[in-house]
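So this block is final_3.cif, mmCIF, C-alpha atoms:
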```
data_run
loop_
_atom_site.label_atom_id
_atom_site.label_comp_id
_atom_site.auth_asym_id
_atom_site.auth_seq_id
_atom_site.Cartn_x
_atom_site.Cartn_y
_atom_site.Cartn_z
CA MET A 1 -27.28 14.56 -24.29
CA ARG A 2 -29.23 14.18 -21.04
CA LEU A 3 -28.76 11.25 -18.69
CA LEU A 4 -30.74 10.55 -15.52
CA LEU A 5 -29.45 8.29 -12.77
CA THR A 6 -32.56 7.47 -10.82
CA GLY A 7 -33.57 5.73 -7.63
CA GLY A 8 -30.16 5.24 -6.02
CA THR A 9 -28.79 6.03 -2.57
CA VAL A 10 -26.91 9.26 -3.30
CA VAL A 11 -23.71 10.09 -1.39
CA SER A 12 -22.81 13.47 -2.90
CA MET A 13 -19.75 14.41 -0.77
CA ASP A 14 -20.99 18.00 -0.98
CA PRO A 15 -22.54 19.34 2.27
CA ALA A 16 -24.51 21.89 0.29
CA VAL A 17 -26.12 19.13 -1.78
CA GLY A 18 -26.45 16.52 0.97
CA ASP A 19 -27.14 12.81 0.73
CA PHE A 20 -30.37 11.08 -0.27
CA GLU A 21 -31.63 7.69 0.81
CA ARG A 22 -33.39 7.70 -2.54
CA GLY A 23 -32.28 10.30 -5.06
CA ASP A 24 -31.69 11.24 -8.69
CA VAL A 25 -28.76 12.80 -10.55
CA LEU A 26 -29.33 14.61 -13.84
CA ILE A 27 -26.43 14.98 -16.28
CA GLU A 28 -26.38 17.15 -19.37
CA ASP A 29 -23.52 17.20 -21.90
CA GLY A 30 -21.27 15.47 -19.40
CA VAL A 31 -21.95 17.90 -16.55
CA ILE A 32 -24.05 17.39 -13.42
CA VAL A 33 -26.96 19.84 -13.57
CA GLU A 34 -29.15 18.68 -10.67
CA VAL A 35 -29.08 16.36 -7.67
CA ALA A 36 -32.38 15.93 -5.84
CA GLU A 37 -34.77 13.46 -4.27
CA THR A 38 -36.81 13.32 -7.46
CA ILE A 39 -36.07 14.84 -10.88
CA GLU A 40 -38.45 14.96 -13.82
CA ALA A 41 -36.55 14.60 -17.10
CA PRO A 42 -38.77 12.75 -19.58
CA ASP A 43 -36.38 13.34 -22.48
CA ALA A 44 -33.32 11.90 -20.71
CA GLU A 45 -31.74 8.48 -21.11
CA VAL A 46 -32.33 6.64 -17.84
CA ILE A 47 -29.94 4.48 -15.82
CA ASP A 48 -31.82 2.67 -13.08
CA ALA A 49 -29.78 3.06 -9.89
CA THR A 50 -32.12 1.04 -7.67
CA ASP A 51 -30.11 -0.94 -5.10
CA ARG A 52 -27.05 1.12 -5.99
CA ILE A 53 -24.98 3.65 -4.05
CA VAL A 54 -24.36 6.64 -6.30
CA MET A 55 -21.15 8.50 -5.40
CA PRO A 56 -18.35 10.54 -6.98
CA GLY A 57 -15.52 8.56 -8.53
CA PHE A 58 -12.40 7.93 -6.49
CA VAL A 59 -9.31 10.12 -6.92
CA ASP A 60 -5.89 8.41 -6.68
CA THR A 61 -3.16 11.02 -6.22
CA HIS A 62 -0.07 8.86 -6.90
CA ARG A 63 0.38 5.60 -8.83
CA HIS A 64 3.16 4.13 -11.00
CA THR A 65 1.19 2.27 -13.67
CA TRP A 66 4.18 1.41 -15.87
CA GLN A 67 4.98 -1.41 -13.41
CA THR A 68 1.61 -3.18 -13.85
CA ALA A 69 3.00 -6.19 -15.72
CA PHE A 70 4.87 -7.27 -12.58
CA ARG A 71 1.82 -7.25 -10.34
CA GLY A 72 2.32 -9.12 -7.07
CA ILE A 73 5.97 -9.95 -7.61
CA GLY A 74 7.05 -7.61 -4.82
CA ALA A 75 4.59 -8.69 -2.14
CA ASP A 76 7.46 -9.64 0.19
CA TRP A 77 9.89 -6.88 -0.77
CA THR A 78 11.20 -4.05 1.36
CA PHE A 79 11.56 -0.62 -0.18
CA PRO A 80 15.29 -1.10 -0.98
CA GLU A 81 14.44 -4.39 -2.68
CA TRP A 82 11.66 -2.73 -4.70
CA ALA A 83 14.05 0.04 -5.78
CA VAL A 84 16.71 -2.43 -6.91
CA ALA A 85 14.13 -4.54 -8.75
CA THR A 86 12.18 -1.86 -10.58
CA HIS A 87 14.72 0.91 -11.12
CA GLY A 88 17.97 -1.06 -10.94
CA THR A 89 17.03 -4.23 -12.80
CA LEU A 90 13.81 -4.15 -14.82
CA LYS A 91 13.50 -0.56 -16.00
CA ALA A 92 16.53 -0.66 -18.31
CA HIS A 93 14.84 -3.37 -20.38
CA TYR A 94 11.48 -1.62 -20.86
CA ARG A 95 10.67 -0.71 -24.44
CA PRO A 96 8.12 2.02 -25.19
CA GLU A 97 5.57 -0.69 -25.99
CA ASP A 98 6.09 -2.20 -22.52
CA VAL A 99 5.43 1.20 -20.95
CA TYR A 100 2.31 1.58 -23.09
CA LEU A 101 0.84 -1.78 -22.07
CA GLY A 102 1.61 -1.40 -18.37
CA THR A 103 0.11 2.08 -18.32
CA LEU A 104 -2.92 1.02 -20.35
CA LEU A 105 -3.79 -2.00 -18.20
CA GLY A 106 -2.95 -0.16 -15.00
CA ARG A 107 -5.28 2.69 -15.86
CA LEU A 108 -7.99 0.27 -16.94
CA GLU A 109 -7.69 -1.54 -13.61
CA ALA A 110 -8.11 1.74 -11.75
CA LEU A 111 -11.14 2.67 -13.83
CA HIS A 112 -12.63 -0.80 -13.34
CA SER A 113 -12.43 -0.35 -9.55
CA GLY A 114 -14.03 3.11 -9.59
CA VAL A 115 -10.98 5.39 -9.79
CA THR A 116 -12.21 7.99 -12.26
CA THR A 117 -9.29 10.38 -11.64
CA MET A 118 -5.67 9.28 -11.22
CA LEU A 119 -2.26 10.91 -11.13
CA ASP A 120 0.19 8.63 -12.93
CA TRP A 121 3.64 9.33 -11.43
CA PHE A 122 5.87 8.30 -14.34
CA HIS A 123 9.55 7.59 -13.79
CA CYS A 124 10.54 5.17 -16.56
CA VAL A 125 12.03 7.72 -18.93
CA PRO A 126 15.16 6.44 -20.68
CA THR A 127 13.94 8.09 -23.92
CA PRO A 128 11.26 10.61 -24.92
CA GLU A 129 9.50 7.75 -26.72
CA HIS A 130 8.86 6.07 -23.38
CA ALA A 131 7.10 9.17 -22.07
CA ASP A 132 5.10 9.47 -25.29
CA ALA A 133 3.99 5.85 -24.92
CA ALA A 134 2.70 6.51 -21.41
CA VAL A 135 0.78 9.58 -22.54
CA ALA A 136 -0.67 7.65 -25.49
CA ALA A 137 -1.91 4.91 -23.17
CA LEU A 138 -3.62 7.39 -20.85
CA ARG A 139 -5.25 9.04 -23.84
CA ASP A 140 -6.52 5.69 -25.06
CA ILE A 141 -8.46 5.20 -21.81
CA ALA A 142 -11.60 7.23 -21.12
CA GLY A 143 -10.47 8.15 -17.60
CA ARG A 144 -9.45 11.49 -16.14
CA SER A 145 -5.67 11.24 -15.79
CA VAL A 146 -2.80 13.48 -14.75
CA PHE A 147 0.49 12.50 -16.37
CA CYS A 148 3.08 13.42 -13.75
CA HIS A 149 6.36 13.49 -15.66
CA GLY A 150 9.29 12.56 -13.44
CA ALA A 151 11.72 13.20 -16.26
CA GLY A 152 14.77 13.52 -14.02
CA TRP A 153 14.27 10.41 -11.90
CA GLY A 154 17.62 8.63 -11.67
CA THR A 155 19.38 11.17 -13.90
CA THR A 156 21.33 14.37 -13.55
CA GLY A 157 21.17 17.58 -15.50
CA SER A 158 18.39 19.78 -16.77
CA VAL A 159 15.02 18.34 -17.77
CA ASP A 160 13.78 21.68 -19.11
CA ALA A 161 13.55 20.67 -22.77
CA GLU A 162 11.74 17.38 -22.07
CA ILE A 163 9.17 18.94 -19.77
CA ARG A 164 8.50 21.67 -22.31
CA ARG A 165 8.19 19.12 -25.12
CA VAL A 166 5.57 17.03 -23.31
CA ARG A 167 3.75 20.10 -22.01
CA SER A 168 3.26 21.34 -25.56
CA ALA A 169 1.34 18.13 -26.31
CA LEU A 170 -0.75 18.33 -23.12
CA PRO A 171 -2.20 21.84 -23.02
CA GLY A 172 -4.44 21.07 -20.07
CA ASP A 173 -7.94 21.27 -21.51
CA GLY A 174 -8.73 17.56 -21.92
CA LEU A 175 -9.19 14.48 -19.79
CA VAL A 176 -5.41 13.91 -19.77
CA THR A 177 -3.47 16.77 -18.22
CA MET A 178 0.09 17.14 -16.93
CA ALA A 179 2.04 17.65 -13.72
CA PHE A 180 5.78 17.79 -13.00
CA GLY A 181 7.40 15.11 -10.82
CA LEU A 182 10.21 16.86 -8.94
CA ARG A 183 13.45 15.12 -8.00
CA GLY A 184 13.79 16.83 -4.63
CA ALA A 185 16.86 17.99 -2.77
CA GLU A 186 17.80 14.43 -1.75
CA ALA A 187 18.43 13.60 -5.42
CA THR A 188 19.64 16.97 -6.65
CA SER A 189 20.53 20.43 -5.34
CA MET A 190 18.34 23.15 -3.88
CA ASP A 191 19.26 25.29 -6.87
CA THR A 192 17.86 22.60 -9.19
CA VAL A 193 14.68 22.30 -7.12
CA ALA A 194 14.27 26.07 -7.42
CA GLU A 195 14.81 25.91 -11.19
CA GLU A 196 12.26 23.12 -11.56
CA LEU A 197 9.67 24.98 -9.50
CA LYS A 198 10.25 28.08 -11.62
CA LEU A 199 9.73 26.02 -14.78
CA ALA A 200 6.55 24.50 -13.34
CA ALA A 201 5.18 27.95 -12.55
CA GLU A 202 6.00 29.19 -16.05
CA LEU A 203 4.20 26.23 -17.63
CA ASP A 204 1.31 26.33 -15.13
CA LEU A 205 2.05 22.83 -13.85
CA ARG A 206 1.34 21.44 -10.44
CA THR A 207 4.17 19.43 -8.91
CA SER A 208 4.55 16.23 -6.91
CA LEU A 209 7.48 15.09 -4.79
CA HIS A 210 8.33 11.89 -2.89
CA VAL A 211 9.60 12.77 0.57
CA GLU A 212 10.33 10.97 3.83
CA SER A 213 12.57 11.41 6.82
CA GLU A 214 14.21 9.02 9.25
CA GLY A 215 14.63 11.76 11.84
CA ILE A 216 18.10 12.87 10.73
CA ARG A 217 17.30 14.69 7.51
CA ARG A 218 14.65 17.42 7.60
CA PRO A 219 13.72 17.76 3.92
CA VAL A 220 10.64 19.95 4.33
CA ALA A 221 12.41 22.27 6.76
CA ASP A 222 15.23 22.62 4.24
CA LEU A 223 12.79 23.47 1.46
CA HIS A 224 11.03 25.94 3.76
CA GLU A 225 14.33 27.62 4.64
CA HIS A 226 15.04 28.14 0.95
CA GLY A 227 11.52 29.44 0.25
CA LEU A 228 10.60 26.45 -1.91
CA LEU A 229 7.28 25.31 -0.47
CA ARG A 230 4.29 25.88 -2.76
CA ASP A 231 0.54 25.44 -2.54
CA THR A 232 0.73 23.64 -5.90
CA THR A 233 2.97 20.80 -4.63
CA THR A 234 1.81 17.42 -3.33
CA PHE A 235 4.22 15.67 -0.98
CA VAL A 236 3.99 11.88 -1.34
CA HIS A 237 4.26 9.67 1.78
CA ALA A 238 5.80 12.35 4.06
CA THR A 239 6.55 9.65 6.63
CA GLY A 240 8.83 10.56 9.51
CA LEU A 241 8.43 14.31 9.14
CA GLY A 242 8.41 16.38 12.32
CA ASP A 243 5.18 18.02 13.43
CA ASP A 244 6.74 21.40 12.71
CA GLU A 245 7.47 20.30 9.13
CA LEU A 246 3.89 19.15 8.68
CA ARG A 247 2.77 22.53 9.97
CA MET A 248 4.99 24.20 7.36
CA LEU A 249 3.16 22.26 4.65
CA ALA A 250 -0.21 23.23 6.09
CA ASP A 251 0.77 26.90 6.38
CA THR A 252 1.86 27.06 2.73
CA GLY A 253 -1.21 25.19 1.45
CA SER A 254 0.73 22.17 0.20
CA SER A 255 -1.08 18.85 -0.10
CA VAL A 256 -0.05 15.34 0.92
CA SER A 257 -0.62 11.87 -0.53
CA ILE A 258 -0.35 8.80 1.67
CA SER A 259 -0.06 5.20 0.42
CA PRO A 260 -0.82 3.31 3.63
CA ASP A 261 -0.42 -0.24 2.35
CA VAL A 262 3.00 0.43 0.81
CA GLU A 263 4.17 2.58 3.71
CA LEU A 264 3.39 -0.11 6.26
CA LYS A 265 4.65 -3.18 4.40
CA MET A 266 7.81 -1.59 2.98
CA GLY A 267 8.96 -0.20 6.29
CA PHE A 268 8.34 3.53 5.78
CA GLY A 269 6.69 3.74 9.18
CA TRP A 270 3.14 4.47 10.32
CA PRO A 271 1.01 6.43 7.85
CA MET A 272 0.91 10.05 9.03
CA THR A 273 -2.86 10.45 8.77
CA GLY A 274 -3.62 11.59 12.32
CA ARG A 275 -0.59 13.84 12.68
CA MET A 276 -1.42 15.50 9.37
CA LEU A 277 -4.98 16.19 10.44
CA ALA A 278 -3.75 17.62 13.75
CA VAL A 279 -1.92 20.44 11.95
CA GLY A 280 -4.66 21.15 9.41
CA LEU A 281 -3.54 18.99 6.48
CA ARG A 282 -6.18 16.93 4.68
CA PRO A 283 -4.49 13.71 3.52
CA THR A 284 -5.25 12.27 0.11
CA LEU A 285 -4.92 8.60 -0.77
CA SER A 286 -2.89 6.71 -3.34
CA ILE A 287 -2.05 3.16 -4.34
CA ASP A 288 1.65 3.65 -5.28
CA ASP A 289 2.66 0.40 -7.04
CA VAL A 290 0.86 -2.85 -7.78
CA PRO A 291 3.93 -5.13 -7.75
CA SER A 292 3.67 -4.61 -3.98
CA VAL A 293 -0.01 -4.03 -3.11
CA GLY A 294 -3.54 -4.19 -4.51
CA GLY A 295 -4.72 -1.51 -6.88
CA ASP A 296 -8.11 -0.50 -5.48
CA MET A 297 -9.11 2.44 -3.31
CA PHE A 298 -11.36 0.37 -1.05
CA ALA A 299 -8.42 -1.51 0.47
CA THR A 300 -6.40 1.70 0.72
CA MET A 301 -9.18 3.49 2.61
CA ARG A 302 -9.64 0.55 4.93
CA THR A 303 -5.93 0.34 5.82
CA ALA A 304 -5.71 4.06 6.55
CA PHE A 305 -8.90 3.84 8.59
CA VAL A 306 -8.12 0.87 10.80
CA VAL A 307 -4.50 1.88 11.41
CA GLN A 308 -5.44 5.34 12.65
CA ARG A 309 -8.34 4.01 14.68
CA GLY A 310 -5.94 1.53 16.24
CA LEU A 311 -3.41 4.25 17.05
CA ASP A 312 -5.68 6.85 18.61
CA GLY A 313 -9.33 6.02 17.94
CA GLY A 314 -9.58 8.96 15.56
CA LEU A 315 -11.23 9.32 12.14
CA ASN A 316 -14.64 8.30 10.94
CA SER A 317 -15.66 6.67 7.70
CA ARG A 318 -16.71 9.93 6.03
CA ASP A 319 -13.22 11.33 6.65
CA LEU A 320 -11.80 8.48 4.58
CA LEU A 321 -14.30 8.95 1.78
CA GLU A 322 -13.42 12.65 1.69
CA PHE A 323 -9.71 11.81 1.45
CA ALA A 324 -10.48 9.55 -1.53
CA THR A 325 -12.72 12.02 -3.39
CA VAL A 326 -12.97 15.76 -2.67
CA ASP A 327 -9.59 16.09 -0.94
CA GLY A 328 -7.86 14.20 -3.74
CA ALA A 329 -9.48 16.40 -6.37
CA HIS A 330 -8.30 19.51 -4.50
CA ALA A 331 -4.71 18.21 -4.34
CA LEU A 332 -4.68 17.67 -8.11
CA GLY A 333 -6.08 21.13 -8.83
CA LEU A 334 -9.31 19.58 -10.12
CA ALA A 335 -11.73 20.48 -7.34
CA ALA A 336 -13.79 22.65 -9.70
CA ARG A 337 -14.29 19.70 -12.04
CA THR A 338 -14.58 16.55 -9.96
CA GLY A 339 -14.56 15.01 -6.47
CA SER A 340 -18.24 15.48 -5.54
CA LEU A 341 -21.70 15.24 -7.05
CA THR A 342 -22.11 19.00 -7.33
CA PRO A 343 -24.12 20.76 -10.05
CA GLY A 344 -21.65 22.37 -12.44
CA LYS A 345 -18.98 19.69 -12.00
CA ASP A 346 -18.18 17.03 -14.57
CA ALA A 347 -20.16 13.84 -14.10
CA ASP A 348 -17.47 11.52 -12.73
CA VAL A 349 -19.79 9.05 -11.03
CA VAL A 350 -19.62 5.51 -9.66
CA LEU A 351 -22.56 3.20 -8.94
CA LEU A 352 -21.85 0.52 -6.33
CA ARG A 353 -24.02 -2.56 -5.84
CA ALA A 354 -25.78 -2.27 -2.49
CA ASP A 355 -27.59 -5.56 -3.03
CA ASP A 356 -24.43 -7.66 -3.11
CA ILE A 357 -24.42 -10.26 -0.36
CA THR A 358 -21.09 -8.93 0.99
CA VAL A 359 -22.63 -5.56 1.91
CA LEU A 360 -26.40 -5.91 2.21
CA PRO A 361 -28.25 -4.40 3.91
CA ALA A 362 -26.19 -1.23 3.41
CA THR A 363 -27.83 0.62 6.29
CA ASP A 364 -25.03 3.21 6.49
CA PRO A 365 -23.80 3.66 2.92
CA VAL A 366 -20.65 5.60 3.80
CA GLY A 367 -19.67 3.16 6.52
CA THR A 368 -20.38 0.28 4.16
CA ILE A 369 -18.15 1.70 1.42
CA VAL A 370 -15.20 2.26 3.76
CA ALA A 371 -15.50 -0.78 6.03
CA ALA A 372 -16.69 -3.43 3.57
CA GLY A 373 -16.34 -2.06 0.03
CA HIS A 374 -14.44 -3.91 -2.71
CA PRO A 375 -14.02 -3.67 -6.50
CA GLY A 376 -16.66 -6.34 -7.08
CA LEU A 377 -19.30 -3.80 -6.06
CA VAL A 378 -18.40 -1.38 -8.89
CA ASP A 379 -21.31 -1.79 -11.27
CA THR A 380 -21.25 1.37 -13.41
CA VAL A 381 -18.65 4.10 -13.94
CA LEU A 382 -19.06 7.43 -15.73
CA VAL A 383 -16.30 9.90 -16.62
CA ALA A 384 -17.44 13.34 -17.77
CA GLY A 385 -20.88 11.80 -18.33
CA ARG A 386 -19.62 8.99 -20.55
CA VAL A 387 -20.44 5.45 -19.40
CA VAL A 388 -17.11 3.56 -19.35
CA LYS A 389 -18.29 0.58 -17.30
CA ARG A 390 -21.80 -0.82 -17.36
CA ASP A 391 -23.28 -3.78 -15.48
CA GLY A 392 -19.86 -4.69 -14.13
CA VAL A 393 -18.11 -4.75 -17.53
CA LEU A 394 -15.76 -2.18 -19.05
CA VAL A 395 -17.22 -0.72 -22.24
CA ASP A 396 -15.45 -1.23 -25.61
CA VAL A 397 -12.42 -2.98 -24.12
CA ASP A 398 -11.03 -6.28 -25.46
CA LEU A 399 -9.55 -7.48 -22.20
CA SER A 400 -8.58 -10.94 -23.44
CA ALA A 401 -6.32 -9.51 -26.15
CA LEU A 402 -4.83 -6.93 -23.78
CA LYS A 403 -4.12 -9.57 -21.14
CA ALA A 404 -2.16 -11.66 -23.64
CA ARG A 405 -0.13 -8.65 -24.73
CA LEU A 406 0.65 -7.67 -21.13
CA VAL A 407 1.85 -11.18 -20.25
CA ALA A 408 4.06 -11.20 -23.36
CA SER A 409 5.47 -7.81 -22.33
CA ARG A 410 6.23 -9.09 -18.83
CA ASP A 411 7.94 -12.18 -20.20
CA HIS A 412 10.09 -10.09 -22.56
CA VAL A 413 11.28 -7.69 -19.86
CA ALA A 414 11.93 -10.49 -17.38
CA ALA A 415 13.93 -12.52 -19.89
CA ALA A 416 15.97 -9.50 -20.94
CA ALA A 417 16.71 -8.70 -17.29
CA GLY A 418 17.47 -12.33 -16.40
CA VAL A 419 14.72 -12.38 -13.80
CA PRO A 420 12.93 -15.67 -12.95
CA LEU A 421 9.16 -15.60 -12.71
CA ASP A 422 8.78 -18.61 -10.45
CA GLY A 423 8.60 -16.65 -7.18
CA THR A 424 12.24 -17.23 -6.22
CA TRP A 425 13.67 -13.82 -7.13
CA ARG A 426 14.68 -11.66 -4.20
CA PRO A 427 16.51 -8.46 -5.22
CA ARG A 428 19.65 -7.75 -3.24
CA PRO A 429 20.20 -4.10 -2.30
CA LYS A 430 23.79 -2.93 -1.98
CA THR A 431 25.00 -2.73 1.60
CA ALA A 432 26.85 0.31 2.87
#
```

How would this structure read if it were set down as structure tokens?
Amino acid sequence: MRLLLTGGTVVSMDPAVGDFERGDVLIEDGVIVEVAETIEAPDAEVIDATDRIVMPGFVDTHRHTWQTAFRGIGADWTFPEWAVATHGTLKAHYRPEDVYLGTLLGRLEALHSGVTTMLDWFHCVPTPEHADAAVAALRDIAGRSVFCHGAGWGTTGSVDAEIRRVRSALPGDGLVTMAFGLRGAEATSMDTVAEELKLAAELDLRTSLHVESEGIRRPVADLHEHGLLRDTTTFVHATGLGDDELRMLADTGSSVSISPDVELKMGFGWPMTGRMLAVGLRPTLSIDDVPSVGGDMFATMRTAFVVQRGLDGGLNSRDLLEFATVDGAHALGLAARTGSLTPGKDADVVLLRADDITVLPATDPVGTIVAAGHPGLVDTVLVAGRVVKRDGVLVDVDLSALKARLVASRDHVAAAAGVPLDGTWRPRPKTA
């Protein structure tokens, strides 16, 4: 199968390929084979990209899709309130079918807004069936997904058998692959962290770890002292870390994922974008959770951009687009397959409307995407060359039926947990 995207403004995110005010992208069997100003391919199916910005799909390096049914309920919550609500109140009442629907609709939302690759950080694991439901949902969506199994979240003891069980079903050669969500030394012991990293290496799994510091604990320094920093680990948030700890991450080749909207509104502190760049770390971007914030990469880029510009005047719009594409792909170990419009990579491509009244005339396409982009611009989405959204509509998806099922799932969990849905619920964290 040959597919030609023709006549668009091409933003390749590959310096060797460059950008084109008017360019073509040729795809064969799901792989990009040529990017040029003009391509002759008379036997190819044509997608007219006139008045479109053609760019690589976004890469979200950390999102908890199982919580999708409770979108917006935590807009006013602090982090302790979110933790009590999701992990202390709601999670115990989730059935596998609730996990499936939240994951399914959450992944569809991401795909709809141009996120072709997403790491789903899963920590609703009371039974193996819950994990299987999440994997099934990701497989039912034609997106590129990394199932990050946080099997030990909120539990003690070994997770060896569960990680091995799920890994055997996700060998790593399809659109849905696997990573290991570590508990970290704050939730377990250094010996357990070492055991989990050893298991990850044995199973060829990348790892991801939530980490932050309030200036008293030095979690990265502790890991460094015990020889537990790896170039296959992504550290999520990393707020409050000392500059020397950030340098430790850079020196070991670790990656970082920032969620600027959540970090600011939940009280984590300023996103660490500028300080990370100063020591040689390339931040990647993530949504985190939609009960608290919006689920699109445009808003996430804009928050990271304006906050850092406000702090020190640093960054430019292309930096942000790199964080959201090529840098994210590198952090997930997928840089050879996605993140840029490079011949030889899979065709994960997004076409944005440049003729929409909210962005026209898009004189600087990169600046337009970062400063003024929004999900309403996402016209067409391809994953591995397959069109999954066309003319603004997801392909082969019965959204009306799925919406009804998600609302029913939300109502069931809320009723079981005794949670009102009238906007009056405010979780109460325990005080010391």

Task: Selection result of the PyMOL selection byres ((chain A and resi 350) around 9) on this file, as a PyMOL selection string - done: chain A and resi 53-58+114-116+348-349+351-352+378-383

Output C-alpha atoms of each residue in that selection to a file, as a CSV table (one decimal), in the frame of the given file.
```csv
chain,number,residue,atom,x,y,z
A,53,ILE,CA,-25.0,3.6,-4.0
A,54,VAL,CA,-24.4,6.6,-6.3
A,55,MET,CA,-21.2,8.5,-5.4
A,56,PRO,CA,-18.4,10.5,-7.0
A,57,GLY,CA,-15.5,8.6,-8.5
A,58,PHE,CA,-12.4,7.9,-6.5
A,114,GLY,CA,-14.0,3.1,-9.6
A,115,VAL,CA,-11.0,5.4,-9.8
A,116,THR,CA,-12.2,8.0,-12.3
A,348,ASP,CA,-17.5,11.5,-12.7
A,349,VAL,CA,-19.8,9.0,-11.0
A,351,LEU,CA,-22.6,3.2,-8.9
A,352,LEU,CA,-21.8,0.5,-6.3
A,378,VAL,CA,-18.4,-1.4,-8.9
A,379,ASP,CA,-21.3,-1.8,-11.3
A,380,THR,CA,-21.2,1.4,-13.4
A,381,VAL,CA,-18.6,4.1,-13.9
A,382,LEU,CA,-19.1,7.4,-15.7
A,383,VAL,CA,-16.3,9.9,-16.6
```

Open item on the list: Which residues are near Leu199 in chain A? Cut-off 10 Å, all atoms listed in the file, ignore same chain within fewer than 6 positions. Put them as a PyMOL selection string.
Closed with: chain A and resi 159-160+163-164+180+193+205

Open item on the list: For a cutoff of 10 Å around the file-coordinate point (8.0, -3.9, -3.1), which residues qualify once you count only C-alpha atoms? I'd like the result as a VMD selection string.
Closed with: chain A and resid 72 to 86 262 265 to 266 289 to 293 427

Quick one: write out the picked residues with C-alpha atoms as a short mmCIF file (atom, residue, chain, number, x, y, z; two decimals), in the coordinates of the input?
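Contents of result.cif, as written:
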```cif
data_model
loop_
_atom_site.label_atom_id
_atom_site.label_comp_id
_atom_site.auth_asym_id
_atom_site.auth_seq_id
_atom_site.Cartn_x
_atom_site.Cartn_y
_atom_site.Cartn_z
CA GLY A 72 2.32 -9.12 -7.07
CA ILE A 73 5.97 -9.95 -7.61
CA GLY A 74 7.05 -7.61 -4.82
CA ALA A 75 4.59 -8.69 -2.14
CA ASP A 76 7.46 -9.64 0.19
CA TRP A 77 9.89 -6.88 -0.77
CA THR A 78 11.20 -4.05 1.36
CA PHE A 79 11.56 -0.62 -0.18
CA PRO A 80 15.29 -1.10 -0.98
CA GLU A 81 14.44 -4.39 -2.68
CA TRP A 82 11.66 -2.73 -4.70
CA ALA A 83 14.05 0.04 -5.78
CA VAL A 84 16.71 -2.43 -6.91
CA ALA A 85 14.13 -4.54 -8.75
CA THR A 86 12.18 -1.86 -10.58
CA VAL A 262 3.00 0.43 0.81
CA LYS A 265 4.65 -3.18 4.40
CA MET A 266 7.81 -1.59 2.98
CA ASP A 289 2.66 0.40 -7.04
CA VAL A 290 0.86 -2.85 -7.78
CA PRO A 291 3.93 -5.13 -7.75
CA SER A 292 3.67 -4.61 -3.98
CA VAL A 293 -0.01 -4.03 -3.11
CA PRO A 427 16.51 -8.46 -5.22
#
```

Open item on the list: I need the output of the PyMOL selection byres ((chain A and resi 144) around 6) for this file as a PyMOL selection string; which residues are they?
Closed with: chain A and resi 116-117+143+145+175-176

TODO: Spell out the residues picked by the PyMOL selection byres ((chain A and resi 101) around 10) here, as a PyMOL selection string.
DONE: chain A and resi 65-69+96-100+102-107+133-134+137+402-403+405-407+409-410

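Atom pair CA of Ala354 in chain A / CA of Val31 in chain A: separated by 24.9 Å.
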
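Between CA of Ala142 in chain A and CA of Glu109 in chain A lies a distance of 12.2 Å.
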
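Checking A:Lys91, A:Arg337, A:Arg52, A:Lys345 one by one against Arg22 in chain A, counting all atoms listed in the file, you find the shortest gap at A:Arg52.
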
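Atom pair CA of Asp60 in chain A / CA of Gly294 in chain A: separated by 13.0 Å.
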
Determine the axis-aligned bounding box of all atoms of range 331-347 of chain A present in the file, pad each side by 5 Å, and express its centre and edge lengths in Å to one decimal place as lines of an AutoDock Vina configuration file.
```
center_x = -14.4
center_y = 18.2
center_z = -9.5
size_x = 29.4
size_y = 18.8
size_z = 20.2
```

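Among the candidates A:Asp346, A:Ala408, A:Leu209, A:Pro375, the one nearest to Thr358 in chain A when counting all atoms listed in the file is A:Pro375.
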
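Considering the residues A:Ala201, A:Leu138, A:Val256, A:Ala41 and counting only C-alpha atoms, Leu26 in chain A has its shortest atom-to-atom contact with A:Ala41.
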
TODO: Would you mind listing what lies within 9 Å of Pro128 in chain A as a list in words, with all atoms listed in the file counted and same-chain residues fewer than 4 positions away left out?
DONE: Asp132, Ala133, Glu162 and Val166 of chain A

Can you pull out the residues contacting Arg63 in chain A? Cut-off 8 Å, using all atoms listed in the file, and skip same-chain residues under 4 positions away; I want them as a short mmCIF file (atom, residue, chain, number, x, y, z; two decimals) with C-alpha atoms, in the coordinates of the input.
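New file selection_23.cif:
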```cif
data_model
loop_
_atom_site.label_atom_id
_atom_site.label_comp_id
_atom_site.auth_asym_id
_atom_site.auth_seq_id
_atom_site.Cartn_x
_atom_site.Cartn_y
_atom_site.Cartn_z
CA MET A 118 -5.67 9.28 -11.22
CA LEU A 119 -2.26 10.91 -11.13
CA ASP A 120 0.19 8.63 -12.93
CA TRP A 121 3.64 9.33 -11.43
CA SER A 286 -2.89 6.71 -3.34
CA ILE A 287 -2.05 3.16 -4.34
CA ASP A 288 1.65 3.65 -5.28
CA ASP A 289 2.66 0.40 -7.04
#
```
